[in-house]
>>> print(open('query_7.tsv').read())   # TSV, C-alpha atoms
chain	number	residue	atom	x	y	z
U	1	GLU	CA	0.00	0.00	0.00
U	2	ILE	CA	1.25	3.47	-0.89
U	3	VAL	CA	0.90	5.63	2.22
U	4	LEU	CA	0.53	9.37	1.69
U	5	THR	CA	1.74	11.62	4.48
U	6	GLN	CA	0.66	15.23	4.38
U	7	SER	CA	2.36	18.06	6.21
U	8	PRO	CA	1.80	20.15	8.08
U	9	GLY	CA	-1.30	18.83	9.78
U	10	THR	CA	-2.54	22.38	10.30
U	11	LEU	CA	-1.34	25.52	8.55
U	12	SER	CA	-2.25	28.93	9.96
U	13	LEU	CA	-1.92	31.80	7.50
U	14	SER	CA	-3.52	35.12	6.67
U	15	PRO	CA	-5.37	36.10	3.49
U	16	GLY	CA	-2.92	37.25	0.86
U	17	GLU	CA	-0.16	34.95	2.06
U	18	ARG	CA	1.28	32.01	0.16
U	19	ALA	CA	0.41	28.47	1.26
U	20	THR	CA	2.62	25.47	0.60
U	21	LEU	CA	1.20	22.03	1.39
U	22	SER	CA	3.22	18.83	1.14
U	23	CYS	CA	2.22	15.27	0.27
U	24	ARG	CA	4.90	12.60	0.59
U	25	ALA	CA	4.41	9.04	-0.67
U	26	SER	CA	5.94	5.93	0.87
U	27	GLN	CA	6.75	4.67	-2.66
U	28	SER	CA	7.05	6.36	-5.99
U	29	VAL	CA	3.68	7.35	-7.44
U	30	SER	CA	3.54	5.91	-10.93
U	31	ASN	CA	3.14	8.38	-13.78
U	32	SER	CA	2.49	11.14	-11.25
U	33	TYR	CA	-1.08	9.91	-10.73
U	34	LEU	CA	-1.51	12.37	-7.89
U	35	ALA	CA	-4.49	14.63	-7.20
U	36	TRP	CA	-5.34	17.34	-4.71
U	37	TYR	CA	-8.81	18.07	-3.34
U	38	GLN	CA	-10.34	20.82	-1.26
U	39	HIS	CA	-12.97	19.94	1.32
U	40	LYS	CA	-15.15	22.40	3.19
U	41	PRO	CA	-17.59	21.42	5.97
U	42	GLY	CA	-21.00	20.53	4.64
U	43	GLN	CA	-19.83	20.42	1.05
U	44	PRO	CA	-18.53	17.61	-1.13
U	45	PRO	CA	-14.79	17.62	-1.84
U	46	ARG	CA	-13.66	19.45	-4.96
U	47	LEU	CA	-10.95	18.33	-7.36
U	48	LEU	CA	-8.27	21.01	-7.65
U	49	ILE	CA	-5.25	19.39	-9.30
U	50	TYR	CA	-4.75	16.10	-11.15
U	51	ALA	CA	-1.72	14.46	-12.71
U	52	ALA	CA	0.32	16.32	-10.09
U	53	SER	CA	0.18	19.67	-11.87
U	54	SER	CA	-2.92	20.00	-14.08
U	55	ARG	CA	-5.66	22.29	-12.80
U	56	ALA	CA	-9.18	20.93	-12.93
U	57	THR	CA	-11.88	22.80	-14.79
U	58	GLY	CA	-12.80	26.10	-13.16
U	59	ILE	CA	-9.98	26.11	-10.63
U	60	PRO	CA	-8.32	29.54	-10.23
U	61	ASP	CA	-4.71	29.84	-11.32
U	62	ARG	CA	-3.60	30.75	-7.80
U	63	PHE	CA	-3.72	26.98	-7.20
U	64	SER	CA	-0.77	25.05	-8.58
U	65	GLY	CA	0.65	21.59	-8.12
U	66	SER	CA	4.14	20.26	-8.58
U	67	GLY	CA	6.31	17.28	-7.83
U	68	SER	CA	7.01	13.74	-8.95
U	69	GLY	CA	8.13	10.42	-7.56
U	70	THR	CA	7.45	10.61	-3.83
U	71	ASP	CA	7.24	14.35	-3.15
U	72	PHE	CA	4.36	16.55	-4.22
U	73	THR	CA	3.34	20.09	-3.36
U	74	LEU	CA	0.17	22.13	-3.60
U	75	THR	CA	0.78	25.86	-3.65
U	76	ILE	CA	-1.82	28.57	-3.23
U	77	SER	CA	-0.11	31.74	-4.34
U	78	ARG	CA	-2.27	34.34	-2.57
U	79	LEU	CA	-4.85	33.08	-0.14
U	80	GLU	CA	-8.42	34.23	-0.53
U	81	PRO	CA	-10.91	33.95	2.38
U	82	GLU	CA	-12.70	31.09	0.61
U	83	ASP	CA	-9.49	29.02	0.44
U	84	PHE	CA	-9.46	28.18	4.14
U	85	ALA	CA	-10.48	24.53	4.20
U	86	MET	CA	-9.15	20.99	4.44
U	87	TYR	CA	-6.90	19.78	1.62
U	88	PHE	CA	-6.01	16.20	0.88
U	89	CYS	CA	-4.00	14.37	-1.72
U	90	GLN	CA	-4.83	11.11	-3.49
U	91	GLN	CA	-2.70	8.72	-5.52
U	92	TYR	CA	-3.56	5.94	-7.95
U	93	GLY	CA	-1.47	2.80	-8.24
U	94	GLY	CA	-0.44	-0.23	-6.28
U	95	SER	CA	-2.75	-2.21	-4.02
U	96	PRO	CA	-5.15	-0.86	-2.96
U	97	PRO	CA	-5.26	1.19	-6.15
U	98	ILE	CA	-6.35	4.41	-4.48
U	99	THR	CA	-5.11	5.90	-1.23
U	100	PHE	CA	-5.55	9.31	0.35
U	101	GLY	CA	-3.47	11.48	2.62
U	102	GLN	CA	-4.84	12.34	6.04
U	103	GLY	CA	-5.26	15.98	5.10
U	104	THR	CA	-3.91	19.42	5.91
U	105	ARG	CA	-6.21	21.89	7.60
U	106	LEU	CA	-5.64	25.43	6.31
U	107	GLU	CA	-6.93	27.90	8.88
U	108	ILE	CA	-7.05	31.65	9.17
U	109	LYS	CA	-4.35	33.08	11.39
H	110	GLU	CA	-25.57	20.55	-13.16
H	111	VAL	CA	-23.55	17.42	-12.41
H	112	GLN	CA	-24.81	15.93	-9.17
H	113	LEU	CA	-24.58	12.81	-7.05
H	114	LEU	CA	-27.07	12.27	-4.26
H	115	GLU	CA	-26.57	9.44	-1.79
H	116	SER	CA	-29.26	7.88	0.36
H	117	GLY	CA	-29.82	4.82	2.50
H	118	GLY	CA	-27.52	5.49	5.41
H	119	GLY	CA	-28.58	4.98	8.99
H	120	LEU	CA	-28.03	3.11	12.24
H	121	VAL	CA	-27.65	-0.66	11.99
H	122	GLN	CA	-26.62	-3.34	14.45
H	123	PRO	CA	-23.39	-5.30	14.01
H	124	GLY	CA	-23.96	-8.14	11.59
H	125	GLY	CA	-26.76	-6.26	9.88
H	126	SER	CA	-27.21	-5.12	6.31
H	127	LEU	CA	-27.81	-1.84	4.55
H	128	ARG	CA	-28.07	-0.73	0.93
H	129	LEU	CA	-26.79	2.65	-0.14
H	130	SER	CA	-28.03	4.31	-3.30
H	131	CYS	CA	-26.58	7.15	-5.33
H	132	ALA	CA	-28.71	9.02	-7.85
H	133	ALA	CA	-26.66	10.60	-10.61
H	134	SER	CA	-27.64	13.49	-12.86
H	135	GLY	CA	-26.08	15.96	-15.25
H	136	PHE	CA	-23.75	13.56	-17.06
H	137	THR	CA	-23.88	10.34	-19.07
H	138	PHE	CA	-23.97	7.89	-16.18
H	139	SER	CA	-23.63	4.73	-18.26
H	140	ASN	CA	-20.28	5.95	-19.64
H	141	SER	CA	-18.84	6.75	-16.24
H	142	ALA	CA	-16.91	4.50	-13.89
H	143	MET	CA	-17.86	5.12	-10.27
H	144	ARG	CA	-16.39	4.63	-6.81
H	145	TRP	CA	-17.53	4.50	-3.22
H	146	VAL	CA	-15.19	6.19	-0.77
H	147	ARG	CA	-15.71	6.41	2.99
H	148	GLN	CA	-14.41	8.40	5.90
H	149	ALA	CA	-14.61	7.02	9.42
H	150	PRO	CA	-14.86	9.49	12.32
H	151	GLY	CA	-11.50	11.13	12.89
H	152	LYS	CA	-9.88	9.15	10.09
H	153	GLY	CA	-8.79	9.81	6.54
H	154	LEU	CA	-10.58	8.84	3.37
H	155	GLU	CA	-10.62	5.18	2.34
H	156	TRP	CA	-11.47	3.74	-1.06
H	157	VAL	CA	-14.19	1.10	-0.75
H	158	SER	CA	-15.17	-0.13	-4.20
H	159	SER	CA	-15.20	0.73	-7.91
H	160	ILE	CA	-17.31	-0.30	-10.89
H	161	ASN	CA	-16.94	0.34	-14.62
H	162	GLY	CA	-19.57	1.94	-16.84
H	163	PRO	CA	-21.33	-1.22	-18.03
H	164	GLY	CA	-21.21	-2.67	-14.51
H	165	ASP	CA	-19.40	-5.88	-15.41
H	166	ASP	CA	-16.08	-5.07	-13.77
H	167	THR	CA	-15.89	-4.44	-10.02
H	168	TYR	CA	-13.16	-3.96	-7.45
H	169	TYR	CA	-13.14	-3.98	-3.65
H	170	ALA	CA	-10.89	-2.99	-0.80
H	171	ASP	CA	-9.69	-5.97	1.21
H	172	SER	CA	-11.53	-4.58	4.25
H	173	VAL	CA	-14.94	-5.05	2.58
H	174	LYS	CA	-14.34	-7.89	0.11
H	175	GLY	CA	-16.91	-10.62	0.50
H	176	ARG	CA	-19.23	-8.40	2.53
H	177	PHE	CA	-20.02	-5.45	0.22
H	178	THR	CA	-21.34	-5.55	-3.33
H	179	ILE	CA	-21.24	-2.63	-5.73
H	180	SER	CA	-23.71	-2.51	-8.60
H	181	ARG	CA	-25.45	-0.05	-10.88
H	182	ASP	CA	-28.66	0.36	-12.84
H	183	ASN	CA	-27.82	2.48	-15.86
H	184	SER	CA	-31.49	2.71	-16.82
H	185	LYS	CA	-32.11	4.50	-13.53
H	186	ASN	CA	-28.80	6.41	-13.36
H	187	THR	CA	-28.24	4.89	-9.95
H	188	LEU	CA	-25.24	3.36	-8.19
H	189	TYR	CA	-25.63	0.99	-5.25
H	190	LEU	CA	-23.58	-0.42	-2.42
H	191	GLN	CA	-25.06	-3.45	-0.71
H	192	MET	CA	-23.40	-3.85	2.67
H	193	SER	CA	-23.77	-6.96	4.80
H	194	SER	CA	-22.13	-8.43	7.90
H	195	LEU	CA	-21.55	-4.88	9.02
H	196	ARG	CA	-18.96	-4.19	11.69
H	197	ALA	CA	-18.34	-1.26	14.01
H	198	GLU	CA	-15.35	-0.32	11.87
H	199	ASP	CA	-17.66	0.21	8.89
H	200	THR	CA	-19.07	3.27	10.65
H	201	ALA	CA	-18.32	6.17	8.32
H	202	VAL	CA	-19.62	8.75	5.93
H	203	TYR	CA	-19.95	7.05	2.55
H	204	TYR	CA	-19.36	9.14	-0.55
H	205	CYS	CA	-20.51	8.27	-4.04
H	206	THR	CA	-17.97	9.53	-6.56
H	207	LYS	CA	-17.44	9.73	-10.32
H	208	ILE	CA	-14.13	8.62	-11.69
H	209	PHE	CA	-12.21	11.04	-13.91
H	210	LEU	CA	-9.54	9.93	-16.40
H	211	SER	CA	-9.53	6.49	-14.74
H	212	TYR	CA	-7.45	7.67	-11.81
H	213	TYR	CA	-9.09	10.63	-10.09
H	214	ILE	CA	-12.46	11.79	-8.80
H	215	ASP	CA	-14.12	14.82	-10.33
H	216	VAL	CA	-17.55	14.64	-8.72
H	217	TRP	CA	-18.43	13.78	-5.13
H	218	GLY	CA	-21.77	13.43	-3.45
H	219	LYS	CA	-22.38	15.03	-0.08
H	220	GLY	CA	-22.20	11.66	1.63
H	221	THR	CA	-24.49	9.47	3.69
H	222	THR	CA	-23.71	8.37	7.23
H	223	VAL	CA	-23.62	4.74	8.26
H	224	SER	CA	-23.40	3.93	11.96
H	225	VAL	CA	-22.89	0.35	13.10
H	226	SER	CA	-23.64	-0.03	16.78
H	227	SER	CA	-25.66	-2.14	19.18
>>> encode(input="query_7.tsv", output="structure tokens")
Amino acid sequence: EIVLTQSPGTLSLSPGERATLSCRASQSVSNSYLAWYQHKPGQPPRLLIYAASSRATGIPDRFSGSGSGTDFTLTISRLEPEDFAMYFCQQYGGSPPITFGQGTRLEIK
Amino acid sequence: EVQLLESGGGLVQPGGSLRLSCAASGFTFSNSAMRWVRQAPGKGLEWVSSINGPGDDTYYADSVKGRFTISRDNSKNTLYLQMSSLRAEDTAVYYCTKIFLSYYIDVWGKGTTVSVSS
């Protein structure tokens, strides 16, 4: 099983600041099959980034993804009030085929 | 609008059964592979099961294999998860999801809560 470890567990920042979230895999993620999701209370999760660096439809360009192999990063260039939420990563490959990170909570400082 | 709406959750005793349903709208359901994903209280997300568009190819997590059955009725645009021999560790919010590009999830339902307790 490919275990995804996200850090930090909680990130406290102010609107306008830059957020950098990490997702580290216990084994190399094949073909960079890595996605990032945003999850707000009472709402379904939303796909932000797929294939490590491709933005999903309708996602603002302040969200960007990077990385390969075992280290991946989600960057939010300038935080907007609506960006404070839980973020989690997901990989495809291995057995089980899909695993998720435990999440990073992005909170307002 | 693309939408997934789960139903069927509730409180059930250990060893009991429950069937979850997911009504899909806004996209061509029969062409879309689907997944169930769950999140236990205080835990991360866990993949449960997947099914292809025609419904003839299914996959299960080891934790539910032999106890859960995924199925779909493309004429009704509905996905199902039949759960039996339920255990306390099956307690979770269950999300119906649509698979994107074979590897990711681009649509999530709001989830339905299953509680297994005596």
>>> interface_residues(input="query_7.tsv", of="chain H", to="chain U", cutoff="6 Å", atoms="only C-alpha atoms", output="list in words")
Gly153, Leu154, Tyr212, Asp215, Trp217, Gly218 and Lys219 of chain H
>>> residues_around(input="query_7.tsv", residues="region 175-178 of chain H", least_positions_apart="6", cutoff="9 Å", atoms="only C-alpha atoms", output="list in words")
Val157, Ser158, Thr167, Tyr169, Tyr189, Leu190, Gln191, Met192, Ser193, Ser194 and Leu195 of chain H
>>> write_last_selection(input="query_7.tsv", atoms="C-alpha atoms", output="PDB file, in the coordinates of the input")
ATOM      1  CA  VAL H 157     -14.190   1.100  -0.750  1.00  0.00           C
ATOM      2  CA  SER H 158     -15.170  -0.130  -4.200  1.00  0.00           C
ATOM      3  CA  THR H 167     -15.890  -4.440 -10.020  1.00  0.00           C
ATOM      4  CA  TYR H 169     -13.140  -3.980  -3.650  1.00  0.00           C
ATOM      5  CA  TYR H 189     -25.630   0.990  -5.250  1.00  0.00           C
ATOM      6  CA  LEU H 190     -23.580  -0.420  -2.420  1.00  0.00           C
ATOM      7  CA  GLN H 191     -25.060  -3.450  -0.710  1.00  0.00           C
ATOM      8  CA  MET H 192     -23.400  -3.850   2.670  1.00  0.00           C
ATOM      9  CA  SER H 193     -23.770  -6.960   4.800  1.00  0.00           C
ATOM     10  CA  SER H 194     -22.130  -8.430   7.900  1.00  0.00           C
ATOM     11  CA  LEU H 195     -21.550  -4.880   9.020  1.00  0.00           C
TER      12      LEU H 195
END
>>> residues_near_point(input="query_7.tsv", point="(-17.1, 8.8, -11.6)", cutoff="8 Å", atoms="only C-alpha atoms", output="list in words")
Ser141, Ala142, Met143, Arg144, Thr206, Lys207, Ile208, Phe209, Ile214, Asp215 and Val216 of chain H
>>> write_last_selection(input="query_7.tsv", atoms="C-alpha atoms", output="PDB file, keeping the file's coordinate frame")
ATOM      1  CA  SER H 141     -18.840   6.750 -16.240  1.00  0.00           C
ATOM      2  CA  ALA H 142     -16.910   4.500 -13.890  1.00  0.00           C
ATOM      3  CA  MET H 143     -17.860   5.120 -10.270  1.00  0.00           C
ATOM      4  CA  ARG H 144     -16.390   4.630  -6.810  1.00  0.00           C
ATOM      5  CA  THR H 206     -17.970   9.530  -6.560  1.00  0.00           C
ATOM      6  CA  LYS H 207     -17.440   9.730 -10.320  1.00  0.00           C
ATOM      7  CA  ILE H 208     -14.130   8.620 -11.690  1.00  0.00           C
ATOM      8  CA  PHE H 209     -12.210  11.040 -13.910  1.00  0.00           C
ATOM      9  CA  ILE H 214     -12.460  11.790  -8.800  1.00  0.00           C
ATOM     10  CA  ASP H 215     -14.120  14.820 -10.330  1.00  0.00           C
ATOM     11  CA  VAL H 216     -17.550  14.640  -8.720  1.00  0.00           C
TER      12      VAL H 216
END
>>> closest_residue(input="query_7.tsv", among="H:Arg196, H:Ser172, H:Ser180, H:Val223", to="Gly125 (chain H)", atoms="all atoms listed in the file")
H:Arg196
>>> atom_distance(input="query_7.tsv", atom1="CA of Arg55 (chain U)", atom2="CA of Thr73 (chain U)")
13.2 Å
>>> atom_distance(input="query_7.tsv", atom1="CA of Glu198 (chain H)", atom2="CA of Gly162 (chain H)")
29.1 Å
>>> residues_around(input="query_7.tsv", residues="region 14-23 of chain U", least_positions_apart="2", cutoff="8 Å", atoms="only C-alpha atoms", output="number ranges by chain")
U: 4-8, 12, 25, 71-81, 89, 101, 104, 108-109
>>> atom_distance(input="query_7.tsv", atom1="CA of Ala132 (chain H)", atom2="CA of Asp182 (chain H)")
10.0 Å
